[in-house]
Every structure is written in structure tokens, then in C-alpha cells.
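Peer 1: Got a file for you: input.cif, mmCIF, C-alpha atoms.
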data_coords
#
loop_
_atom_site.label_atom_id
_atom_site.label_comp_id
_atom_site.auth_asym_id
_atom_site.auth_seq_id
_atom_site.Cartn_x
_atom_site.Cartn_y
_atom_site.Cartn_z
CA MET R 17 36.34 58.83 -62.41
CA TYR R 18 33.45 57.41 -64.37
CA ALA R 19 32.04 59.46 -67.21
CA LYS R 20 28.34 60.14 -67.31
CA ARG R 21 27.39 58.81 -70.75
CA PHE R 22 23.59 58.77 -70.60
CA SER R 23 20.98 60.85 -68.82
CA ALA R 24 19.67 59.21 -65.68
CA HIS R 25 16.13 59.63 -67.00
CA HIS R 26 16.83 57.49 -70.07
CA ILE R 27 18.68 54.88 -68.01
CA TYR R 28 15.71 54.61 -65.61
CA ILE R 29 13.25 54.11 -68.47
CA ILE R 30 15.39 51.44 -70.16
CA SER R 31 16.06 49.66 -66.85
CA ILE R 32 12.38 49.63 -65.87
CA ALA R 33 11.39 48.30 -69.31
CA LEU R 34 14.02 45.55 -69.10
CA LEU R 35 12.95 44.76 -65.54
CA ILE R 36 9.29 44.35 -66.56
CA PHE R 37 10.28 42.10 -69.47
CA ALA R 38 12.59 40.06 -67.20
CA GLY R 39 9.81 39.76 -64.62
CA LEU R 40 7.39 38.37 -67.20
CA SER R 41 10.08 36.05 -68.55
CA SER R 42 10.76 34.82 -65.01
CA ILE R 43 7.09 33.84 -64.70
CA VAL R 44 7.17 32.12 -68.11
CA ILE R 45 10.42 30.15 -67.71
CA GLY R 46 10.23 26.89 -65.82
CA PRO R 47 9.66 23.13 -66.15
CA MET R 48 6.01 23.70 -67.07
CA ALA R 49 5.41 25.63 -70.31
CA ILE R 50 3.51 28.89 -69.72
CA SER R 51 3.11 31.53 -72.43
CA TYR R 52 3.58 35.28 -72.04
CA LYS R 53 -0.13 35.73 -72.77
CA GLN R 54 -1.09 33.38 -69.93
CA SER R 55 1.30 35.15 -67.61
CA LEU R 56 -0.19 38.56 -68.41
CA LEU R 57 -3.74 37.28 -68.03
CA ALA R 58 -2.92 35.68 -64.68
CA LEU R 59 -1.52 38.97 -63.38
CA LEU R 60 -4.56 40.99 -64.43
CA PRO R 61 -7.63 41.11 -62.15
CA GLY R 62 -10.70 39.13 -63.08
CA ASP R 63 -11.50 35.59 -64.22
CA HIS R 64 -9.64 34.83 -67.44
CA GLU R 65 -10.52 31.12 -67.62
CA LEU R 66 -6.95 29.96 -67.16
CA ALA R 67 -6.37 26.33 -66.26
CA LYS R 68 -6.33 25.93 -62.51
CA HIS R 69 -2.87 24.37 -62.44
CA VAL R 70 -1.44 27.24 -64.56
CA SER R 71 -2.88 29.87 -62.24
CA LEU R 72 -1.61 27.95 -59.21
CA VAL R 73 1.96 27.70 -60.54
CA ILE R 74 2.05 31.40 -61.40
CA HIS R 75 0.57 32.75 -58.17
CA GLN R 76 2.06 30.30 -55.68
CA ILE R 77 5.50 29.59 -57.15
CA ARG R 78 6.76 31.83 -59.94
CA LEU R 79 5.29 35.22 -59.01
CA PRO R 80 6.53 35.07 -55.37
CA ARG R 81 9.96 33.99 -56.59
CA THR R 82 10.10 36.81 -59.14
CA LEU R 83 9.09 39.43 -56.58
CA LEU R 84 11.63 38.13 -54.06
CA CYS R 85 14.35 38.20 -56.72
CA PHE R 86 13.90 41.90 -57.29
CA ALA R 87 13.87 42.81 -53.59
CA ILE R 88 16.96 40.74 -52.72
CA GLY R 89 18.91 42.00 -55.74
CA ALA R 90 17.97 45.61 -54.97
CA ILE R 91 18.98 45.33 -51.30
CA LEU R 92 22.37 43.80 -52.11
CA ALA R 93 23.03 46.37 -54.84
CA ILE R 94 22.26 49.47 -52.76
CA CYS R 95 24.26 48.09 -49.82
CA GLY R 96 27.19 47.57 -52.15
CA ALA R 97 26.84 51.08 -53.58
CA VAL R 98 26.84 52.60 -50.08
CA LEU R 99 29.86 50.59 -48.93
CA GLN R 100 31.82 51.48 -52.06
CA GLY R 101 30.97 55.13 -51.55
CA LEU R 102 31.93 55.04 -47.87
CA PHE R 103 35.36 53.57 -48.56
CA ARG R 104 35.85 55.19 -51.98
CA ASN R 105 36.84 51.86 -53.45
CA PRO R 106 35.03 49.68 -56.03
CA LEU R 107 36.31 46.53 -54.29
CA ALA R 108 34.17 47.11 -51.18
CA ASP R 109 31.30 44.63 -51.10
CA PRO R 110 29.18 43.03 -48.35
CA GLY R 111 30.66 39.62 -49.17
CA ILE R 112 34.27 40.69 -49.57
CA ILE R 113 34.51 42.66 -46.31
CA GLY R 114 32.96 39.82 -44.32
CA ILE R 115 29.37 40.95 -43.73
CA THR R 116 27.85 38.10 -45.73
CA GLY R 117 30.10 35.53 -44.07
CA GLY R 118 29.25 36.71 -40.57
CA ALA R 119 25.54 36.90 -41.34
CA GLY R 120 25.68 33.44 -42.90
CA LEU R 121 27.35 31.97 -39.82
CA GLY R 122 24.75 33.57 -37.55
CA ALA R 123 21.86 32.28 -39.65
CA ALA R 124 23.39 28.79 -39.88
CA LEU R 125 23.86 28.74 -36.11
CA ALA R 126 20.15 29.54 -35.68
CA ILE R 127 19.15 26.80 -38.16
CA VAL R 128 21.15 24.18 -36.25
CA LEU R 129 20.36 25.31 -32.70
CA PHE R 130 16.64 25.70 -33.32
CA ALA R 131 16.19 22.78 -35.72
CA PRO R 132 13.51 21.19 -33.44
CA LEU R 133 11.32 24.26 -34.08
CA THR R 134 11.31 23.69 -37.85
CA ALA R 135 8.28 21.38 -37.84
CA SER R 136 6.26 23.13 -35.11
CA PHE R 137 7.07 26.84 -35.66
CA PRO R 138 8.57 27.31 -39.17
CA GLN R 139 7.43 30.94 -39.46
CA LEU R 140 8.99 31.86 -36.11
CA LEU R 141 12.27 30.25 -37.12
CA ASN R 142 12.49 31.56 -40.69
CA PHE R 143 11.27 35.11 -40.17
CA ALA R 144 12.25 35.96 -36.59
CA ILE R 145 15.02 33.82 -35.12
CA VAL R 146 17.12 33.31 -38.27
CA PRO R 147 17.02 37.02 -39.34
CA ILE R 148 17.95 38.13 -35.82
CA PHE R 149 20.90 35.74 -35.67
CA ALA R 150 21.93 36.75 -39.20
CA PHE R 151 21.88 40.42 -38.25
CA ILE R 152 23.88 39.77 -35.09
CA GLY R 153 26.47 37.75 -37.04
CA GLY R 154 26.73 40.40 -39.75
CA ALA R 155 26.95 43.22 -37.21
CA ILE R 156 29.68 41.49 -35.17
CA SER R 157 31.78 40.77 -38.25
CA THR R 158 31.25 44.33 -39.50
CA VAL R 159 32.34 45.88 -36.20
CA LEU R 160 35.42 43.63 -36.11
CA VAL R 161 36.42 44.52 -39.67
CA TYR R 162 35.76 48.22 -39.06
CA ARG R 163 37.78 48.25 -35.83
CA LEU R 164 40.69 46.44 -37.43
CA GLY R 165 40.73 48.79 -40.41
CA THR R 166 40.34 52.07 -38.50
CA ASP R 167 42.90 54.02 -36.52
CA LYS R 168 43.56 57.65 -35.68
CA ASN R 169 44.48 58.36 -39.31
CA GLY R 170 41.17 57.07 -40.65
CA THR R 171 40.00 53.87 -42.31
CA SER R 172 42.30 51.72 -44.44
CA VAL R 173 40.40 49.96 -47.20
CA MET R 174 43.22 47.47 -47.72
CA ILE R 175 43.19 46.44 -44.04
CA MET R 176 39.41 46.12 -44.14
CA LEU R 177 39.57 43.89 -47.20
CA LEU R 178 42.20 41.68 -45.56
CA ALA R 179 40.17 41.58 -42.34
CA GLY R 180 37.12 40.65 -44.43
CA VAL R 181 39.02 37.74 -45.93
CA ALA R 182 39.92 36.55 -42.43
CA ILE R 183 36.33 36.89 -41.18
CA THR R 184 35.03 35.02 -44.22
CA ALA R 185 37.53 32.22 -43.60
CA ILE R 186 36.51 31.97 -39.94
CA SER R 187 32.84 31.96 -40.95
CA GLY R 188 33.52 29.22 -43.48
CA ALA R 189 35.21 27.13 -40.81
CA GLY R 190 32.23 27.70 -38.50
CA LEU R 191 29.80 26.63 -41.24
CA GLY R 192 31.86 23.49 -41.81
CA LEU R 193 31.71 22.66 -38.10
CA LEU R 194 27.94 23.22 -38.03
CA ASN R 195 27.53 20.92 -41.03
CA TYR R 196 29.49 18.27 -39.14
CA VAL R 197 27.40 18.42 -35.94
CA ALA R 198 23.97 19.02 -37.54
CA ASP R 199 21.33 16.30 -37.65
CA ASP R 200 19.93 15.05 -40.96
CA GLN R 201 17.12 17.61 -41.27
CA ALA R 202 19.29 20.57 -40.30
CA LEU R 203 22.04 19.34 -42.61
CA ARG R 204 19.66 19.26 -45.59
CA ASP R 205 18.42 22.75 -44.74
CA LEU R 206 21.98 24.05 -44.39
CA SER R 207 23.16 22.45 -47.63
CA LEU R 208 20.39 24.05 -49.71
CA TRP R 209 20.51 27.37 -47.90
CA SER R 210 24.31 27.83 -47.92
CA MET R 211 24.50 27.95 -51.74
CA GLY R 212 21.89 30.70 -52.01
CA SER R 213 18.49 29.88 -53.46
CA LEU R 214 15.21 31.66 -54.12
CA ALA R 215 13.23 28.45 -54.59
CA GLY R 216 11.57 28.71 -51.19
CA ALA R 217 10.02 32.14 -51.74
CA THR R 218 7.02 32.83 -49.50
CA TRP R 219 4.78 35.86 -49.15
CA THR R 220 6.01 36.37 -45.59
CA GLY R 221 9.60 36.49 -46.85
CA ILE R 222 8.59 38.85 -49.65
CA ILE R 223 6.95 41.27 -47.21
CA LEU R 224 10.04 41.17 -44.99
CA ALA R 225 12.35 41.78 -47.96
CA TYR R 226 10.32 44.69 -49.37
CA CYS R 227 9.95 46.35 -45.97
CA THR R 228 13.73 46.06 -45.54
CA PHE R 229 14.36 47.48 -49.00
CA GLY R 230 12.00 50.42 -48.42
CA LEU R 231 13.58 51.32 -45.08
CA LEU R 232 17.14 50.94 -46.36
CA PHE R 233 16.57 52.94 -49.54
CA SER R 234 14.87 55.83 -47.74
CA TYR R 235 17.63 55.91 -45.08
CA PHE R 236 20.47 55.72 -47.60
CA TYR R 237 18.90 58.32 -49.86
CA ARG R 238 18.78 60.84 -47.00
CA HIS R 239 22.56 60.48 -46.75
CA THR R 240 23.38 60.81 -50.46
CA SER R 241 24.80 64.33 -50.01
CA ASN R 242 27.11 63.11 -47.25
CA LEU R 243 28.19 60.14 -49.38
CA ASN R 244 28.93 62.51 -52.26
CA ALA R 245 31.01 64.67 -49.91
CA LEU R 246 33.01 61.59 -48.88
CA LEU R 247 34.01 61.06 -52.51
CA LEU R 248 36.22 64.14 -52.12
CA GLY R 249 38.02 62.56 -49.14
CA GLU R 250 37.39 62.32 -45.41
CA ALA R 251 39.22 65.57 -44.58
CA GLU R 252 37.22 67.52 -47.16
CA ALA R 253 33.97 65.94 -45.95
CA ARG R 254 34.73 66.96 -42.36
CA HIS R 255 35.38 70.53 -43.52
CA MET R 256 31.93 70.44 -45.13
CA GLY R 257 30.39 69.57 -41.76
CA VAL R 258 30.04 65.80 -42.18
CA ASN R 259 30.60 63.68 -39.08
CA THR R 260 32.48 61.01 -41.01
CA GLN R 261 32.98 58.52 -38.19
CA LYS R 262 29.32 58.61 -37.16
CA LEU R 263 28.23 58.37 -40.80
CA LYS R 264 30.44 55.33 -41.40
CA ARG R 265 29.29 53.60 -38.24
CA ASN R 266 25.59 54.12 -38.91
CA LEU R 267 25.70 53.18 -42.59
CA ILE R 268 27.88 50.10 -42.04
CA ILE R 269 25.55 48.80 -39.32
CA THR R 270 22.53 49.50 -41.55
CA CYS R 271 24.18 47.61 -44.42
CA ALA R 272 24.86 44.72 -42.04
CA ALA R 273 21.15 44.64 -41.13
CA GLY R 274 20.09 44.64 -44.78
CA VAL R 275 22.53 41.92 -45.81
CA GLY R 276 21.56 39.90 -42.73
CA ILE R 277 17.93 39.90 -43.85
CA THR R 278 18.83 38.74 -47.37
CA VAL R 279 21.02 35.95 -45.99
CA ALA R 280 18.26 34.84 -43.63
CA VAL R 281 15.62 34.79 -46.40
CA CYS R 282 17.53 33.08 -49.23
CA GLY R 283 21.08 32.33 -48.11
CA PRO R 284 24.31 34.03 -49.17
CA ILE R 285 24.27 35.44 -52.72
CA GLY R 286 27.58 36.96 -53.71
CA PHE R 287 28.89 39.61 -56.10
CA ILE R 288 25.62 41.49 -56.75
CA GLY R 289 26.78 44.21 -54.36
CA LEU R 290 30.16 44.33 -56.09
CA VAL R 291 29.24 44.35 -59.77
CA ILE R 292 26.01 46.37 -59.92
CA PRO R 293 27.20 49.67 -58.32
CA HIS R 294 30.24 49.60 -60.60
CA VAL R 295 27.99 49.25 -63.67
CA GLY R 296 25.71 51.97 -62.30
CA ARG R 297 28.61 54.41 -62.00
CA MET R 298 29.67 53.69 -65.57
CA LEU R 299 26.13 54.47 -66.76
CA THR R 300 25.08 57.49 -64.69
CA GLY R 301 28.19 58.69 -62.85
CA PRO R 302 29.19 58.61 -59.16
CA ASN R 303 26.42 60.89 -57.80
CA HIS R 304 24.62 58.76 -55.21
CA LYS R 305 21.31 60.52 -55.88
CA THR R 306 21.19 58.73 -59.25
CA LEU R 307 23.46 55.80 -58.36
CA LEU R 308 21.21 54.36 -55.63
CA PRO R 309 18.01 54.16 -57.76
CA ILE R 310 19.82 52.72 -60.79
CA SER R 311 21.66 50.22 -58.57
CA ALA R 312 18.34 49.04 -57.12
CA LEU R 313 16.84 48.56 -60.60
CA LEU R 314 19.92 46.84 -62.03
CA GLY R 315 20.37 44.67 -58.94
CA GLY R 316 16.85 43.33 -59.25
CA LEU R 317 17.25 42.87 -63.02
CA ILE R 318 20.56 40.99 -62.86
CA LEU R 319 19.40 38.69 -60.06
CA LEU R 320 16.25 37.90 -62.05
CA VAL R 321 18.40 36.98 -65.06
CA ALA R 322 20.74 34.88 -62.89
CA ASP R 323 17.76 33.09 -61.35
CA MET R 324 16.31 32.31 -64.79
CA ILE R 325 19.67 30.86 -65.84
CA ALA R 326 19.77 28.80 -62.64
CA ARG R 327 16.31 27.38 -63.40
CA SER R 328 16.81 26.67 -67.10
CA ALA R 329 20.48 25.72 -67.55
CA PHE R 330 20.00 22.12 -66.39
CA SER R 331 16.20 21.88 -66.49
CA PRO R 332 14.33 20.16 -64.90
CA GLN R 333 17.05 20.27 -62.24
CA GLU R 334 17.83 23.63 -60.71
CA LEU R 335 21.12 25.25 -59.75
CA PRO R 336 21.37 27.49 -56.67
CA VAL R 337 21.40 31.08 -57.88
CA GLY R 338 24.46 31.80 -55.72
CA ILE R 339 26.51 29.61 -58.05
CA ILE R 340 25.40 31.64 -61.08
CA THR R 341 26.16 35.02 -59.47
CA ALA R 342 29.59 33.74 -58.40
CA MET R 343 30.33 32.56 -61.96
CA LEU R 344 29.32 35.97 -63.31
CA GLY R 345 30.87 38.07 -60.56
CA ALA R 346 34.23 36.40 -59.90
CA PRO R 347 35.71 37.30 -63.33
CA PHE R 348 34.50 40.88 -62.84
CA PHE R 349 36.23 41.00 -59.45
CA ILE R 350 39.47 39.80 -61.05
CA TYR R 351 39.09 42.56 -63.66
CA LEU R 352 38.71 45.14 -60.91
CA LEU R 353 41.81 43.82 -59.13
CA VAL R 354 43.85 44.06 -62.34
CA ASN R 355 42.48 47.55 -62.95
CA GLN R 356 43.38 48.65 -59.41
CA LYS R 357 46.88 47.20 -59.82
CA SER R 358 47.45 49.09 -63.08
CA GLN R 359 46.32 52.35 -61.44
CA MET R 360 48.73 51.86 -58.53
CA SER R 361 51.73 51.05 -60.75
#
Using the file provided, produce a representation of the structure as C-alpha cells.
Peer 2:
Amino acid sequence: MYAKRFSAHHIYIISIALLIFAGLSSIVIGPMAISYKQSLLALLPGDHELAKHVSLVIHQIRLPRTLLCFAIGAILAICGAVLQGLFRNPLADPGIIGITGGAGLGAALAIVLFAPLTASFPQLLNFAIVPIFAFIGGAISTVLVYRLGTDKNGTSVMIMLLAGVAITAISGAGLGLLNYVADDQALRDLSLWSMGSLAGATWTGIILAYCTFGLLFSYFYRHTSNLNALLLGEAEARHMGVNTQKLKRNLIITCAAGVGITVAVCGPIGFIGLVIPHVGRMLTGPNHKTLLPISALLGGLILLVADMIARSAFSPQELPVGIITAMLGAPFFIYLLVNQKSQMS
């Protein structure tokens, strides 16, 4: 079990300070040079005699992207923390157990089927139809994985992980088929979206993401005591009065909804939900009352850093942020696998 090395209060303060600095840096970094002073002045109310093009870039491009980064990273991180707590395994992750793959296939299906609406009703497509299809895809894949991994003896994490691999493979095949049949416009949209990118941040998407984060966090936090009870084992949790099957069902479906929204807004972004809760437990311990807030802060922070790397590594060209998170997260996943293997042997 992870040792609690620092007080949660100190970790919160440090994380918030780093998050504020990363947020300002995210506004500064980009093809056009903008100083920290200009960024601060642009964020403060009043007329500060900034050049019009500087103010436009900050308020219309970089600030929305920065705000969306935090919300998406926080949603993925708290969903990962909840799933890892439910299954008592640090390998559980929305991407690894198939939620991201199913949500991605649902969103891609909406993009291709409703491509004619892109020009006439972009808001309807991006913030109604695509999120709904993403949620349905994520929910279906989640139910399938959960059913395959659950029997009368409980839930097998290993079976769920293997089922998640199968669902992800099927989703990948479906995405390949959709790329093959899509027209030119839909194909371009799919290609950019499928690698995960925050470049198209809009205020509508930001509102959707923050509303989702607020609802998810408040719902998950109400169940922190039950999640802590599950850490002792399902039998012990049932003796403490926890309806474990109902709790799993409700939280898994809620996680599917949250991940579906993130996939619809910015495409699939992997490994945030795997790495961040693990780091949070190393810092503050396994208690979900402290783990959820620190996961939200660290998730937003790490995705901001990854997005800045994506923008600056090959400037003026930009990498999809999903590539950066995969490069950072895949080695960590291998480390966890090796660690799990050594514990089993």
C-alpha cells in the first residue's frame, strides 16, 4: 500500500501553484511571442492598452485551450481514480478497459453519419449528436466488459482487462472501416480528431466540459466512503452495508459518460486516467477523499504540460496531444505491469 508522505494540505497548495504557473505558461507558449506580463494584463479586467492581435490570440485561442486542458485532464484523472478504486487495481483505466475505444467508435460513427450537418449545424453536431453517440459507445463497451468480467464470485480484473483489449481492438477495426468509407471532409475531421487534440477549443466545449467535471466530481465524492470500503475487499464492503454491485454499476456508467464527453470534445487522450491516480496515491495515500481532489489537480496540470510540449516540440507545427500522453504514459504502464508481475511471483 502507498505510504502517505506529505500532508494533503501541502500537496494541494503546491499543485495549485504549479497549475497556475502552467496555465500562464500555456497562454505564453505558442508561435506568436507573448510575455507573462502581457498574459497577466490580458486576464485582468480593464483596458491595459494591449495590441489588438495579442488580446485576440489570448482570449480567442490560448485561454480557451488552457481552460479546456484542465477540465479534460481532471475528468480523465478522477474517472481513472474511481475505476482503480472499484477494481482495486492500478492497471484499471478508461482506455485500457475499453471505455475510450467504445466512446471513440461512437463519436466517429456520428462524425461520418452526420457529416452533411457539419457546415449547416456544427454546434448541434459537436455538442449534442457526437457526445450522445460517444456516451452510447462508451456505455455499451463498458457493459460488455463488465458482464464478461463478472460472475457469481465477483468481478475479475484480469478478465476485464482482457475484455477491454478485445473491445479496443474491435473499436480500432471499426474506426479503420469508417476511415475507409468516409468522404474527404469527414476523413479530415476523423484524422485530426482520432489522435486527440485540444486545438479546436471553443467556449461551448469548455462549458460542457466544466459542467461534466462538476457533476462527476460531486457524484464521485459522495461515494468516497464506499470506495474506501471497497479497498478492504468486496466481502468486507458488503458487511459494512455497501451494495457493491449497484455501486460498481452506477460508477462505471458514470465514468463512461464522463469519458464519452471528453472523447466527443477533443478525441481520445490516453494514459491520463492511468498515471495520475497512481501518482496521487503515492503523494497522499489511497483515501479517496484526498485522492479525488489531488487527481483532478494533477490531471489538469499534466495535460497542460503535455499540450505545451505538443505545441512547442516541432513549432510552428503542432503534434496531437494524444501522442504526447501516449509517449509519457506507455512506459509507466510497462512499469506497472512489471511491478504487478513481481508482486505475483
Peer 1: With distances taken over all atoms listed in the file, which residue among R:Pro110, R:Ala131, R:Leu314, R:Thr82 lies nearest Val98 (chain R)?
Peer 2: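 Nearest to Val98 (chain R): R:Pro110.
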Peer 1: Between CA of Ala312 (chain R) and CA of Ile36 (chain R), measure the distance and give it in Å to one decimal.
Peer 2: 13.9 Å
Peer 1: If you apply the PyMOL selection byres ((chain R and resi 320) around 10) to this file, what residues do you get, as a list in words?
Peer 2: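 On this input, the PyMOL selection byres ((chain R and resi 320) around 10) captures Leu35, Ala38, Gly39, Ser41, Ser42, Arg81, Thr82, Leu83, Leu84, Cys85, Phe86, Ile88, Gly89, Leu314, Gly315, Gly316, Leu317, Ile318, Leu319, Val321, Ala322, Asp323, Met324, Ile325, Ala326 and Val337 of chain R.
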Peer 1: Write out as a PDB file with C-alpha atoms, in the coordinates of the input which residues come within 12 Å of Gly118 (chain R) when counting only C-alpha atoms, dropping same-chain ones fewer than 5 positions away.
Peer 2:
ATOM      1  CA  PRO R 110      29.180  43.030 -48.350  1.00  0.00           C
ATOM      2  CA  GLY R 111      30.660  39.620 -49.170  1.00  0.00           C
ATOM      3  CA  ILE R 112      34.270  40.690 -49.570  1.00  0.00           C
ATOM      4  CA  ILE R 113      34.510  42.660 -46.310  1.00  0.00           C
ATOM      5  CA  ALA R 123      21.860  32.280 -39.650  1.00  0.00           C
ATOM      6  CA  ALA R 124      23.390  28.790 -39.880  1.00  0.00           C
ATOM      7  CA  LEU R 125      23.860  28.740 -36.110  1.00  0.00           C
ATOM      8  CA  PHE R 149      20.900  35.740 -35.670  1.00  0.00           C
ATOM      9  CA  ALA R 150      21.930  36.750 -39.200  1.00  0.00           C
ATOM     10  CA  PHE R 151      21.880  40.420 -38.250  1.00  0.00           C
ATOM     11  CA  ILE R 152      23.880  39.770 -35.090  1.00  0.00           C
ATOM     12  CA  GLY R 153      26.470  37.750 -37.040  1.00  0.00           C
ATOM     13  CA  GLY R 154      26.730  40.400 -39.750  1.00  0.00           C
ATOM     14  CA  ALA R 155      26.950  43.220 -37.210  1.00  0.00           C
ATOM     15  CA  ILE R 156      29.680  41.490 -35.170  1.00  0.00           C
ATOM     16  CA  SER R 157      31.780  40.770 -38.250  1.00  0.00           C
ATOM     17  CA  THR R 158      31.250  44.330 -39.500  1.00  0.00           C
ATOM     18  CA  VAL R 159      32.340  45.880 -36.200  1.00  0.00           C
ATOM     19  CA  LEU R 160      35.420  43.630 -36.110  1.00  0.00           C
ATOM     20  CA  VAL R 161      36.420  44.520 -39.670  1.00  0.00           C
ATOM     21  CA  GLY R 180      37.120  40.650 -44.430  1.00  0.00           C
ATOM     22  CA  VAL R 181      39.020  37.740 -45.930  1.00  0.00           C
ATOM     23  CA  ALA R 182      39.920  36.550 -42.430  1.00  0.00           C
ATOM     24  CA  ILE R 183      36.330  36.890 -41.180  1.00  0.00           C
ATOM     25  CA  THR R 184      35.030  35.020 -44.220  1.00  0.00           C
ATOM     26  CA  ALA R 185      37.530  32.220 -43.600  1.00  0.00           C
ATOM     27  CA  ILE R 186      36.510  31.970 -39.940  1.00  0.00           C
ATOM     28  CA  SER R 187      32.840  31.960 -40.950  1.00  0.00           C
ATOM     29  CA  GLY R 188      33.520  29.220 -43.480  1.00  0.00           C
ATOM     30  CA  ALA R 189      35.210  27.130 -40.810  1.00  0.00           C
ATOM     31  CA  GLY R 190      32.230  27.700 -38.500  1.00  0.00           C
ATOM     32  CA  LEU R 191      29.800  26.630 -41.240  1.00  0.00           C
ATOM     33  CA  ALA R 272      24.860  44.720 -42.040  1.00  0.00           C
ATOM     34  CA  ALA R 273      21.150  44.640 -41.130  1.00  0.00           C
ATOM     35  CA  VAL R 275      22.530  41.920 -45.810  1.00  0.00           C
ATOM     36  CA  GLY R 276      21.560  39.900 -42.730  1.00  0.00           C
ATOM     37  CA  VAL R 279      21.020  35.950 -45.990  1.00  0.00           C
ATOM     38  CA  ALA R 280      18.260  34.840 -43.630  1.00  0.00           C
ATOM     39  CA  GLY R 283      21.080  32.330 -48.110  1.00  0.00           C
ATOM     40  CA  PRO R 284      24.310  34.030 -49.170  1.00  0.00           C
TER      41      PRO R 284
END
Peer 1: Compare R:Ser311, R:Asn242, R:Thr278, R:Ser172 by their minimum atom-to-atom distance to Leu214 (chain R), counting all atoms listed in the file, and give me the closest one.
Peer 2: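 Checking each of R:Ser311, R:Asn242, R:Thr278, R:Ser172 against Leu214 (chain R), counting all atoms listed in the file, the winner is R:Thr278.
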Peer 1: Taking all atoms listed in the file into account, which of R:Ser207, R:Thr306, R:His255, R:Val354 comes nearest Pro336 (chain R)?
Peer 2: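 Distance minimum relative to Pro336 (chain R) lands on R:Ser207.
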Peer 1: Extract, using all atoms listed in the file, all DNA, RNA and protein residues at most 10 Å from Gly249 (chain R), discarding same-chain residues fewer than 5 positions from it, and format them as JSON, numbers by chain.
Peer 2: {"R": [102, 103, 104, 244, 254, 260]}
Peer 1: Those residues you just picked out, can you put them in a file as a PDB file, in the frame of the given file with C-alpha atoms?
Peer 2:
ATOM      1  CA  LEU R 102      31.930  55.040 -47.870  1.00  0.00           C
ATOM      2  CA  PHE R 103      35.360  53.570 -48.560  1.00  0.00           C
ATOM      3  CA  ARG R 104      35.850  55.190 -51.980  1.00  0.00           C
ATOM      4  CA  ASN R 244      28.930  62.510 -52.260  1.00  0.00           C
ATOM      5  CA  ARG R 254      34.730  66.960 -42.360  1.00  0.00           C
ATOM      6  CA  THR R 260      32.480  61.010 -41.010  1.00  0.00           C
TER       7      THR R 260
END
Peer 1: Which of these residues is nearest to Val44 (chain R), using all atoms listed in the file: R:Val128, R:Cys282, R:Leu307, R:Ala58?
Peer 2: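 Of the candidates, the smallest distance to Val44 (chain R) is held by R:Ala58.
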Peer 1: At a cut-off of 9 Å, using only C-alpha atoms, what residues contact Tyr162 (chain R)? Leave out same-chain residues fewer than 4 positions from it and give the result as an NGL selection string.
Peer 2: :R and (157-158 or 166 or 171 or 176 or 179 or 265 or 268)
Peer 1: Could you dump the residues just selected with C-alpha atoms as a PDB file, in the frame of the given file?
Peer 2:
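Below you can see selection.pdb, which holds the result:
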ATOM      1  CA  SER R 157      31.780  40.770 -38.250  1.00  0.00           C
ATOM      2  CA  THR R 158      31.250  44.330 -39.500  1.00  0.00           C
ATOM      3  CA  THR R 166      40.340  52.070 -38.500  1.00  0.00           C
ATOM      4  CA  THR R 171      40.000  53.870 -42.310  1.00  0.00           C
ATOM      5  CA  MET R 176      39.410  46.120 -44.140  1.00  0.00           C
ATOM      6  CA  ALA R 179      40.170  41.580 -42.340  1.00  0.00           C
ATOM      7  CA  ARG R 265      29.290  53.600 -38.240  1.00  0.00           C
ATOM      8  CA  ILE R 268      27.880  50.100 -42.040  1.00  0.00           C
TER       9      ILE R 268
END
Peer 1: When you look at Ser23 (chain R) with a cut-off of 9 Å (counting all atoms listed in the file), what residues show up, excluding the ones that are within fewer than 5 positions of it in the same chain? I need them as a PyMOL selection string.
Peer 2: chain R and resi 28+299-300
Peer 1: What are the centre and the three edge lengths of an axis-aligned box that wraps all atoms of region 183-186 of chain R in the file, given that 4 Å is added to every side, written as AutoDock Vina command-line options and rounded to one decimal in Å?
Peer 2:
--center_x 36.3 --center_y 34.4 --center_z -42.1 --size_x 10.5 --size_y 12.9 --size_z 12.3
Peer 1: I'd like the interatomic distance between CA of Lys264 (chain R) and CA of Val281 (chain R), to a tenth of an Å.
Peer 2: 25.8 Å
Peer 1: What do you get, as a PyMOL selection string, if you spell out every residue that the PyMOL selection byres ((chain R and resi 345) around 10) selects here?
Peer 2: chain R and resi 286-292+339-344+346-351
Peer 1: In terms of the shortest atom-to-atom distance over all atoms listed in the file, which of R:Ile45, R:Leu178, R:Val258, R:Val73 is closest to Leu246 (chain R)?
Peer 2: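 Ranked by minimum distance to Leu246 (chain R), first place goes to R:Val258.
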Peer 1: Do you have the CA of Gly192 (chain R)-CA of Ala225 (chain R) distance handy?
Peer 2: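 Taking CA of Gly192 (chain R) and CA of Ala225 (chain R), their separation equals 27.4 Å.
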Peer 1: Which of these residues is nearest to Gln201 (chain R), using all atoms listed in the file: R:Pro132, R:Ser51, R:Ala87, R:Ile94?
Peer 2: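 Answer, going by the shortest atom-to-atom distance: R:Pro132.
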